[in-house]
Amino acid sequence: MRTTTTTTTTVLLLLLPQLLCSTDTGRSNSRHQQSENIHKDFSEAPVKGHTPAAGVKGQGWDTCSIPCDITVKLLRDEKHSVCGQLQQSLLTFGRSTRKLMRDVMEEQQRALDVLSTQVTELMSKVQMLSSEVQRSNTEMFSVKPVQSHGRDCSDIKDTLMSVVPKIPSGIYIVHPENTDSSFEVFCEMDYMGGGWTVVQRRTDGLTDFKRPWTDYVDGFGNLAGEHWLGLKKMFYIVNQKDTRFQLHVALTSNTDVTSYASYDDFHLDNETQFFCVHLGRYAGSAGDAFRGYEQEQNQDTAPFSASDVDNDGCNPSCSFESRTVESCSAQHNHTGWWFNQCGLANLNGSPEDADQSPGQRTHILWDTWRQNGVPHTIKSVTMKIRRITTNN
Ligand SMILES: [Ca+2]
């Protein structure tokens with residue numbers, strides 16, 4: 001009897017849903033037989049709370065001999081057990097998933113670290129190569145001055161072209177006619193036929209052009225890079241006898257557009273007249289900013305001014321753009337130039353893009369070179385001179 005009871009309990013645990021609320025009608029089939037029948041009828045189990053349909057006969061279904069309250073308790077216990085197992089499985093699954101994600105992320109981080117290190121190494125190699133190229137370029141132009149004297153770069157070119165097939169650009173020593181002065185200049189021998197003496201170059205903003213009068217008179221900077229040759233040296237070159245010099249202004253915008261302005265009779269008065277500039281006729285694509293649009297903007301024949309020497313034509317002050325200006329040099333970043341009521345040209349401004357002081361003109365200015373009515377932002381400029389007649 002005990003064996004029979006144990007077997008029944010086991011079957012009940014397995015097949016609890018089928019046994020819900022079956023009623024005991026006293027049929028006397030053996031319980032083993034009942035279990036077998038239940039197994040057979042598994043797929044046709046009655047719905048909880050309902051007796052089997054009256055028409056279902058011959059399938060061995062009989063009412064349950066276990067009281068309902070015990071059945072419910074067994075069901076509840078089974079449910080709790082299954083729920084517990086499910087929760088446990090979910091926790092285990094969650095832990096596994098988190099660990100997996102952590103592993104994947106750590107793996108990705110390691111890969112990123114490796115890539116980042118490689119990028120850093122590459123960047124430092126590029127920087128090293130770049131500075132190497134820059135250094136070799138500088139060395140190429142900074143070699144000892146060619147010991148070939150001439151009166152100016154045009155004269156040197158004319159002398160050398162008969163003896164060497166190609167004359168290199170670089171630093172040469174010149175000795176202008178009727179002076180006791182020899183000095184170094186940068187000669188451009190490749191540009192537009194060569195023979196150009198560079199008198200000003202602004203390219204990277206690394207040289208300070210906020211200078212007093214004496215610096216603009218004597219010159220400053222690095223001849224192979226940014227520099228101002230000096231008013232006195234310019235004067236010596238362009239005032240030689242039987243010569244006439246062309247001034248060529250080569251401009252490059254920050255979008256790498258190029259343009260130029262050319263003047264066919266560039267010369268200066270002497271220092272007692274503050275090196276007044278004379279230009280001759282204009283030709284070019286950048287417009288005649290030296291003369292501007294109106295007479296009061298005309299810098300032709302204007303004397304030179306610097307931060308400490310004021311010949312700017314604003315006496316005591318000029319007024320434009322609702323501003324009162326006493327010193328054009330101060331208005332133009334304390335640079336030197338042939339200002340005339342400031343005007344529309346100052347090639348000694350900064351190549352930097354942004355005008356950092358509102359109302360100030362700190363950048364390289366050539367106002368007549370415009371696109372859609374707006375002046376180009378100029379990132380580099382070179383002023384160079386060349387003889388256009390050697391004797392007449
Ligand atoms: Ca003034």
# chains A, B, ... in the order shown; residues from 1 in each chain; ligands from 1
>>> select_by_dssp(residues="stretch 88-205 of chain A", states="helix (DSSP H, G or I)", output="JSON, numbers by chain")
{"A": [88, 89, 90, 91, 92, 93, 94, 95, 96, 97, 98, 99, 100, 101, 102, 103, 104, 105, 106, 107, 108, 109, 110, 111, 112, 113, 114, 115, 116, 117, 118, 119, 120, 121, 122, 123, 124, 125, 126, 127, 128, 129, 130, 131, 132, 133, 134, 135, 136, 137, 138, 139, 140, 141, 142, 153, 154, 155, 156, 157, 158, 159, 160, 191, 192, 193]}
>>> residues_around(residues="A:Trp196", least_positions_apart="5", cutoff="7 Å", atoms="only C-alpha atoms", output="list in words")
Cys153, Ser154, Cys187, Glu188, Met189, Lys384, Ile385 and Arg386 of chain A
>>> write_last_selection(atoms="N, CA and C atoms", output="CSV table (one decimal), in the first residue's frame")
chain,number,residue,atom,x,y,z
A,153,CYS,N,70.8,91.9,-57.7
A,153,CYS,CA,70.6,90.6,-58.2
A,153,CYS,C,70.4,90.5,-59.7
A,154,SER,N,69.9,91.6,-60.3
A,154,SER,CA,69.8,91.7,-61.8
A,154,SER,C,71.2,91.7,-62.4
A,187,CYS,N,68.4,86.6,-53.6
A,187,CYS,CA,68.1,86.8,-55.1
A,187,CYS,C,67.2,85.6,-55.5
A,188,GLU,N,66.1,86.0,-56.1
A,188,GLU,CA,65.3,84.9,-56.8
A,188,GLU,C,65.7,84.9,-58.2
A,189,MET,N,66.3,83.7,-58.6
A,189,MET,CA,66.8,83.5,-59.9
A,189,MET,C,65.9,82.7,-60.8
A,384,LYS,N,59.7,92.3,-54.5
A,384,LYS,CA,61.0,92.2,-55.1
A,384,LYS,C,61.2,93.2,-56.2
A,385,ILE,N,62.4,93.5,-56.4
A,385,ILE,CA,62.7,94.5,-57.4
A,385,ILE,C,63.7,94.0,-58.5
A,386,ARG,N,63.6,94.5,-59.7
A,386,ARG,CA,64.5,94.1,-60.8
A,386,ARG,C,64.7,95.2,-61.7
>>> residues_near_ligand(ligand="ligand 1", cutoff="6 Å", atoms="only C-alpha atoms and all ligand atoms", output="list in words")
Asp310, Asp312, Gly313, Cys314, Asn315, Pro316, Ser317, Glu326 and Ser327 of chain A
>>> atom_distance(atom1="atom CA of A:Gly221", atom2="atom CA of A:Asp269")
23.4 Å
>>> residues_around(residues="stretch 200-211 of chain A", least_positions_apart="3", cutoff="10 Å", atoms="only C-alpha atoms", output="VMD selection string")
chain A and resid 186 197 214 to 216 219 to 230 249 to 252 306 to 308 329 to 330 332 to 336 347 to 352 364 378 to 385
>>> write_last_selection(atoms="N, CA and C atoms", output="compact mmCIF listing (two decimals), in the first residue's frame")
# COMPACT_ATOMS: atom_id res chain seq x y z
N PHE A 186 68.69 88.37 -50.69
CA PHE A 186 68.20 87.12 -51.26
C PHE A 186 67.83 87.38 -52.71
N THR A 197 65.79 91.04 -56.68
CA THR A 197 66.27 91.27 -55.32
C THR A 197 65.05 91.36 -54.40
N THR A 214 64.43 102.76 -36.67
CA THR A 214 65.81 102.35 -37.01
C THR A 214 65.83 100.93 -37.60
N ASP A 215 64.99 100.04 -37.10
CA ASP A 215 64.95 98.68 -37.65
C ASP A 215 64.46 98.69 -39.09
N TYR A 216 63.45 99.52 -39.36
CA TYR A 216 62.96 99.59 -40.75
C TYR A 216 63.99 100.25 -41.66
N GLY A 219 66.91 97.26 -41.61
CA GLY A 219 66.46 95.93 -42.03
C GLY A 219 66.46 94.94 -40.87
N PHE A 220 65.68 93.88 -41.01
CA PHE A 220 65.61 92.85 -39.96
C PHE A 220 65.04 91.56 -40.55
N GLY A 221 65.14 90.49 -39.75
CA GLY A 221 64.60 89.18 -40.16
C GLY A 221 65.67 88.29 -40.77
N ASN A 222 65.21 87.18 -41.32
CA ASN A 222 66.09 86.18 -41.90
C ASN A 222 65.94 86.22 -43.42
N LEU A 223 67.04 86.48 -44.11
CA LEU A 223 66.96 86.65 -45.57
C LEU A 223 66.36 85.44 -46.29
N ALA A 224 66.57 84.23 -45.71
CA ALA A 224 66.01 83.03 -46.34
C ALA A 224 64.52 82.86 -46.04
N GLY A 225 64.03 83.61 -45.05
CA GLY A 225 62.62 83.53 -44.68
C GLY A 225 62.00 84.91 -44.65
N GLU A 226 61.29 85.21 -43.55
CA GLU A 226 60.65 86.53 -43.44
C GLU A 226 61.70 87.61 -43.17
N HIS A 227 61.59 88.69 -43.88
CA HIS A 227 62.52 89.79 -43.61
C HIS A 227 62.06 91.09 -44.27
N TRP A 228 62.67 92.16 -43.80
CA TRP A 228 62.55 93.49 -44.42
C TRP A 228 63.98 93.92 -44.71
N LEU A 229 64.30 94.10 -45.98
CA LEU A 229 65.71 94.34 -46.34
C LEU A 229 66.25 95.61 -45.69
N GLY A 230 65.41 96.62 -45.58
CA GLY A 230 65.87 97.89 -44.98
C GLY A 230 65.79 99.01 -45.99
N VAL A 249 54.94 92.92 -56.54
CA VAL A 249 54.31 92.46 -55.30
C VAL A 249 53.57 91.16 -55.62
N ALA A 250 54.02 90.03 -55.04
CA ALA A 250 53.39 88.73 -55.29
C ALA A 250 52.58 88.32 -54.05
N LEU A 251 51.29 88.12 -54.26
CA LEU A 251 50.38 87.83 -53.14
C LEU A 251 49.82 86.42 -53.24
N THR A 252 49.65 85.76 -52.10
CA THR A 252 48.97 84.46 -52.05
C THR A 252 47.90 84.52 -50.97
N ALA A 306 56.91 104.74 -38.98
CA ALA A 306 57.04 103.56 -38.12
C ALA A 306 56.34 103.87 -36.80
N SER A 307 56.41 102.95 -35.86
CA SER A 307 55.67 103.15 -34.60
C SER A 307 56.15 104.39 -33.86
N ASP A 308 57.43 104.79 -34.09
CA ASP A 308 57.97 105.93 -33.36
C ASP A 308 58.29 107.12 -34.26
N SER A 329 50.44 103.64 -37.89
CA SER A 329 51.27 102.51 -37.48
C SER A 329 50.61 101.76 -36.32
N ALA A 330 50.13 102.50 -35.33
CA ALA A 330 49.44 101.86 -34.20
C ALA A 330 48.19 101.13 -34.68
N HIS A 332 47.85 99.78 -37.48
CA HIS A 332 48.28 98.62 -38.27
C HIS A 332 49.31 97.78 -37.51
N ASN A 333 48.99 97.47 -36.28
CA ASN A 333 49.81 96.52 -35.51
C ASN A 333 51.23 97.03 -35.26
N HIS A 334 51.40 98.35 -35.21
CA HIS A 334 52.70 98.98 -34.90
C HIS A 334 53.79 98.63 -35.92
N THR A 335 53.35 98.42 -37.17
CA THR A 335 54.32 98.13 -38.23
C THR A 335 54.71 99.43 -38.94
N GLY A 336 55.73 99.34 -39.80
CA GLY A 336 56.15 100.50 -40.58
C GLY A 336 55.66 100.37 -42.01
N LEU A 347 51.82 95.91 -46.53
CA LEU A 347 52.27 94.52 -46.71
C LEU A 347 53.07 94.02 -45.52
N ASN A 348 53.28 94.87 -44.52
CA ASN A 348 54.02 94.43 -43.34
C ASN A 348 53.10 93.93 -42.21
N GLY A 349 51.80 93.82 -42.50
CA GLY A 349 50.88 93.27 -41.51
C GLY A 349 51.13 91.79 -41.28
N SER A 350 50.31 91.23 -40.42
CA SER A 350 50.50 89.83 -40.03
C SER A 350 49.82 88.90 -41.02
N PRO A 351 50.46 87.75 -41.33
CA PRO A 351 49.80 86.77 -42.21
C PRO A 351 48.71 85.98 -41.52
N GLU A 352 48.56 86.16 -40.21
CA GLU A 352 47.54 85.39 -39.51
C GLU A 352 46.16 85.73 -40.06
N ILE A 364 47.96 91.49 -43.23
CA ILE A 364 48.52 92.00 -44.50
C ILE A 364 47.37 92.62 -45.30
N ILE A 378 45.12 87.44 -46.96
CA ILE A 378 46.43 87.18 -47.56
C ILE A 378 47.32 86.45 -46.57
N LYS A 379 47.87 85.31 -47.00
CA LYS A 379 48.71 84.54 -46.09
C LYS A 379 50.20 84.71 -46.37
N SER A 380 50.55 85.18 -47.55
CA SER A 380 51.97 85.45 -47.79
C SER A 380 52.15 86.49 -48.88
N VAL A 381 53.27 87.20 -48.78
CA VAL A 381 53.57 88.25 -49.76
C VAL A 381 55.09 88.36 -49.90
N THR A 382 55.51 88.67 -51.12
CA THR A 382 56.92 88.98 -51.36
C THR A 382 56.98 90.25 -52.21
N MET A 383 57.88 91.16 -51.79
CA MET A 383 58.15 92.37 -52.58
C MET A 383 59.55 92.20 -53.16
N LYS A 384 59.67 92.31 -54.49
CA LYS A 384 60.99 92.15 -55.10
C LYS A 384 61.17 93.18 -56.21
N ILE A 385 62.43 93.51 -56.44
CA ILE A 385 62.72 94.54 -57.44
C ILE A 385 63.72 93.99 -58.46
>>> closest_residue(among="A:Gly195, A:Gly280, A:Pro212, A:Gly373", to="A:Thr159", atoms="only C-alpha atoms")
A:Gly195
